[in-house]
Amino acid sequence: MTLKDLYDWLAPQFDGPVRLGSLDGQAERFLALYDAAGEERAPARICLGGAERTHWDELTARLVLRWGSAQPAAEAEARRLWDLFYGKTRLMMGGALVLFADPGPGPRPLGKSGDGVFEYEVRVRLVYQR
């Protein structure tokens with residue numbers, strides 16, 4: 001499973017532009033997806049019996065949301081984004097079965113950008129079947 005698979009699943013559910021790996025600092029409503037594997041992921045894990053016996057893996061992503069100049073609306077949209085993952089199991093993304101989605105404790109406010117747009121981050125960990 002790749003970040004592109006997450007993008008393909010998430011983009012139709014989001015009301016605004018979505019991009020992989022870049023943030024549009026001029027857009028008032030925007031969602032950017034970044035690979036967070038290097039930041040949080042433990043070393044590769046192999047089950048006893050080797051790679052052929054290892055049946056799951058993880059994808060960790062940072063979702064950065066820019067959403068207008070009204071804080072209550074931005075927080076509500078960040079919560080809606082978080083809700084897409086909270087408690088979800090058995091999701092299909094790019095042909096992979098996501099066994100468990102963990103969006104963390106909640107959206108993290110990043111504050112206002114230089115142009116006055118509120119930004120939030122959701123870090124999601126997806127455990128999927130290989």
# chains A, B, ... in the order shown; residues from 1 in each chain; ligands from 1
>>> residues_around(residues="Val98 of chain A", least_positions_apart="4", cutoff="7 Å", atoms="only C-alpha atoms", output="list of chain:residue names")
A:Thr89, A:Arg90, A:Leu91, A:Met92, A:Met93, A:Leu126, A:Val127, A:Tyr128, A:Gln129
>>> select_by_dssp(residues="chain A", states="strand (DSSP E)", output="PyMOL selection string")
chain A and resi 18-20+29-35+56-67+91-93+96-102+108-112+118-129
>>> residues_around(residues="Val122 of chain A", least_positions_apart="2", cutoff="9 Å", atoms="only C-alpha atoms", output="JSON, numbers by chain")
{"A": [61, 62, 63, 64, 65, 78, 81, 82, 103, 104, 106, 107, 108, 120, 124]}
>>> closest_residue(among="A:Gly49, A:Pro72, A:Arg123, A:Asp115", to="Ala32 of chain A", atoms="only C-alpha atoms")
A:Arg123
>>> closest_residue(among="A:Cys47, A:Leu97, A:Ala36, A:Val18", to="Leu59 of chain A", atoms="only C-alpha atoms")
A:Ala36
>>> closest_residue(among="A:Ala70, A:Val117, A:Leu84, A:Ala37", to="Asp102 of chain A", atoms="only C-alpha atoms")
A:Leu84
>>> closest_residue(among="A:Arg79, A:Tyr86, A:Thr2, A:Gly68", to="Glu28 of chain A", atoms="only C-alpha atoms")
A:Gly68
